[in-house]
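Enquirer: Got a structure here, written out as structure tokens. Questions coming.
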Amino acid sequence: MKLAVVTKPTFFIEEDKIITRLFEKGLDYLFLDKAHPHPQYIERLLNLIPKKYHKRIFTCNNRLMQDYNLAGQLFPPGSPHPTKKQKGKLVGYAANLNELHEFKSFYEIMCFGPLGRTFHQSSELNEYGKKVINKRVWAFGDIDEENIKSLSDYKFGGIILEAQVWDRFDSCRSTDYSELIESFIRIEKITRKL
């Protein structure tokens, strides 16, 4: 099972160091998804991350994806779907199984999560879900150390972490991100066994 992390929507001082450390500790992919940033800020962050990791980074900006030879392009919820084959891998999002079934053919990776609900509360993970979910579908949402094993029953190809990582670091008050890295390492060890 692959392991990805979505960035926080804002930039912060220690971000490049944390991202580099996550890659060193087994991160497969980074989804560089910032809330309407100027491309210059993303370029600055990319320049601080070692180039050897660029092929494992996805971004919403097609030009930067090509200029920096990144892994591919993200199409966040609400964005138009790609209409033609583009360079790199394409990543889309689905909030329910109907969207997943309808749009899965557009993307190499589909991020699936019951937005606004937890997987435990979701009726989406049912027998139909087992038919629609495959290795190209990655779980996104309320993933933690306790529920990763139950998600593997649905044959997800990967999991995408966000709050589970970033909630362990206060970017406004601290430069110590050891708790974040330790939590990531525990999750990474669990996913490698699945």
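We label chains A, B, ... in the order they appear in the structure tokens, count residues from 1 in each chain, and number ligands from 1 in the order shown.
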Do a neighbour search on segment 57-69 of chain A at 10 Å with only C-alpha atoms, toss out local chain neighbours closer than 3 positions, and write the hits as a PyMOL selection string.

Expert: chain A and resi 4-6+28-34+36-37+39-40+42-43+46-47+51+53-54+72-76+79+86-91

Enquirer: Given the selection you just returned, output its residues as a file containing C-alpha atoms, formatted as a PDB file, in the first residue's frame.

Expert:
```pdb
ATOM      1  CA  ALA A   4       1.089   9.961   0.493  1.00  0.00           C
ATOM      2  CA  VAL A   5       0.793  13.202   2.449  1.00  0.00           C
ATOM      3  CA  VAL A   6      -1.144  16.309   1.440  1.00  0.00           C
ATOM      4  CA  ASP A  28       5.996   7.602  -1.433  1.00  0.00           C
ATOM      5  CA  TYR A  29       4.286  10.766  -2.701  1.00  0.00           C
ATOM      6  CA  LEU A  30       3.627  14.354  -1.671  1.00  0.00           C
ATOM      7  CA  PHE A  31       0.473  16.127  -2.850  1.00  0.00           C
ATOM      8  CA  LEU A  32       1.514  19.785  -2.936  1.00  0.00           C
ATOM      9  CA  ASP A  33      -1.949  21.320  -2.638  1.00  0.00           C
ATOM     10  CA  LYS A  34      -1.926  24.942  -1.481  1.00  0.00           C
ATOM     11  CA  HIS A  36      -4.551  29.533  -4.419  1.00  0.00           C
ATOM     12  CA  PRO A  37      -0.842  30.336  -4.014  1.00  0.00           C
ATOM     13  CA  PRO A  39       3.453  29.982  -8.330  1.00  0.00           C
ATOM     14  CA  GLN A  40       6.540  31.797  -7.025  1.00  0.00           C
ATOM     15  CA  ILE A  42       5.546  26.908  -4.736  1.00  0.00           C
ATOM     16  CA  GLU A  43       8.768  27.327  -6.729  1.00  0.00           C
ATOM     17  CA  LEU A  46      10.330  23.102  -4.540  1.00  0.00           C
ATOM     18  CA  ASN A  47      13.804  24.656  -4.706  1.00  0.00           C
ATOM     19  CA  LYS A  51      15.587  17.330  -6.609  1.00  0.00           C
ATOM     20  CA  TYR A  53      12.249  13.780  -4.575  1.00  0.00           C
ATOM     21  CA  HIS A  54      10.643  15.926  -7.293  1.00  0.00           C
ATOM     22  CA  GLY A  72       1.971  14.679 -12.066  1.00  0.00           C
ATOM     23  CA  GLN A  73      -0.967  16.990 -11.613  1.00  0.00           C
ATOM     24  CA  LEU A  74      -3.662  17.186  -8.933  1.00  0.00           C
ATOM     25  CA  PHE A  75      -7.271  17.979  -9.752  1.00  0.00           C
ATOM     26  CA  PRO A  76      -8.761  18.935  -6.356  1.00  0.00           C
ATOM     27  CA  SER A  79     -11.845  21.598 -10.362  1.00  0.00           C
ATOM     28  CA  GLN A  86      -1.662  15.388 -20.156  1.00  0.00           C
ATOM     29  CA  LYS A  87       1.918  14.688 -19.160  1.00  0.00           C
ATOM     30  CA  GLY A  88       2.532  12.964 -15.874  1.00  0.00           C
ATOM     31  CA  LYS A  89       0.132  11.068 -13.686  1.00  0.00           C
ATOM     32  CA  LEU A  90      -3.244  12.650 -13.042  1.00  0.00           C
ATOM     33  CA  VAL A  91      -4.806  12.581  -9.578  1.00  0.00           C
TER      34      VAL A  91
END
```

Enquirer: Can you tell me, as a PyMOL selection string, what residues are no more than 7 Å from segment 14-26 of chain A when counting only C-alpha atoms, ignoring any on the same chain fewer than 6 positions away?

Expert: chain A and resi 45+48-49+175+181+185+188

Enquirer: Keeping only N, CA and C atoms, take the residues you just selected and write them out as a PDB file, in the first residue's frame.

Expert:
```
ATOM      1  N   LEU A  45       9.414  26.687  -2.468  1.00  0.00           N
ATOM      2  CA  LEU A  45       9.372  25.450  -1.690  1.00  0.00           C
ATOM      3  C   LEU A  45      10.035  24.308  -2.456  1.00  0.00           C
ATOM      4  N   LEU A  48      13.727  24.224  -2.301  1.00  0.00           N
ATOM      5  CA  LEU A  48      14.301  23.832  -1.014  1.00  0.00           C
ATOM      6  C   LEU A  48      14.224  22.320  -0.768  1.00  0.00           C
ATOM      7  N   ILE A  49      13.416  21.622  -1.558  1.00  0.00           N
ATOM      8  CA  ILE A  49      13.294  20.165  -1.439  1.00  0.00           C
ATOM      9  C   ILE A  49      14.293  19.532  -2.410  1.00  0.00           C
ATOM     10  N   THR A 175       9.390  24.748  16.377  1.00  0.00           N
ATOM     11  CA  THR A 175      10.260  24.267  15.300  1.00  0.00           C
ATOM     12  C   THR A 175      10.584  22.787  15.517  1.00  0.00           C
ATOM     13  N   ILE A 181       7.085  13.395  12.899  1.00  0.00           N
ATOM     14  CA  ILE A 181       7.871  12.356  12.232  1.00  0.00           C
ATOM     15  C   ILE A 181       7.645  11.003  12.902  1.00  0.00           C
ATOM     16  N   ILE A 185       6.196   7.657  11.089  1.00  0.00           N
ATOM     17  CA  ILE A 185       6.943   6.393  11.067  1.00  0.00           C
ATOM     18  C   ILE A 185       6.059   5.236  11.529  1.00  0.00           C
ATOM     19  N   GLU A 188       3.671   4.527   8.707  1.00  0.00           N
ATOM     20  CA  GLU A 188       4.420   3.934   7.579  1.00  0.00           C
ATOM     21  C   GLU A 188       4.703   2.460   7.837  1.00  0.00           C
TER      22      GLU A 188
END
```

Enquirer: Which polymer residues have any atom within 10 Å of an atom of Gly129 of chain A, counting only C-alpha atoms, with same-chain residues fewer than 6 positions away left out, as a list in words?

Expert: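 Using only C-alpha atoms, the neighbours found are Asn96, Leu97, Asn98, Leu100, His101, Ser123, Tyr154 and Lys155 of chain A.
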
Enquirer: Counting only C-alpha atoms, figure out which residue out of A:Met1, A:Arg192, A:Ser174, A:Glu162 gets nearest to Asn134 of chain A.

Expert: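 Comparing A:Met1, A:Arg192, A:Ser174, A:Glu162 against Asn134 of chain A, the winner is A:Met1.
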
Enquirer: Name the residues of segment 57-96 of chain A that come out as helix (DSSP H, G or I) in a backbone DSSP run; write them as a VMD selection string.

Expert: chain A and resid 62 to 67

Enquirer: Given only C-alpha atoms as the basis, pick out the residue of A:Pro9, A:Pro82, A:Pro77, A:Pro50 nearest to Ala95 of chain A.

Expert: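 Under the stated criterion, the closest residue is A:Pro77.
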
Enquirer: Grab the atom CA of Gly113 of chain A to atom CA of Ala139 of chain A distance for me, in Å with one decimal place.

Expert: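 Answer for the atom CA of Gly113 of chain A to atom CA of Ala139 of chain A separation: 5.9 Å.
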
Enquirer: Between A:Ile13, A:Leu161, A:Ala35, A:Ala71, which one has atoms that come closest to Phe184 of chain A, using only C-alpha atoms?

Expert: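 Closest to Phe184 of chain A, using only C-alpha atoms: A:Leu161.
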
Enquirer: Which of chain A counts as strand (DSSP E) under DSSP, as a ChimeraX atom specification please?

Expert: /A:2-6,29-32,57-59,72-75,89-94,109-112,137-140,158-161

Enquirer: Find the residue from A:Arg136, A:Arg44, A:Lys149, A:Lys189 that sits nearest to Gly92 of chain A; use only C-alpha atoms when measuring.

Expert: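 Nearest candidate to Gly92 of chain A out of A:Arg136, A:Arg44, A:Lys149, A:Lys189: A:Arg136.
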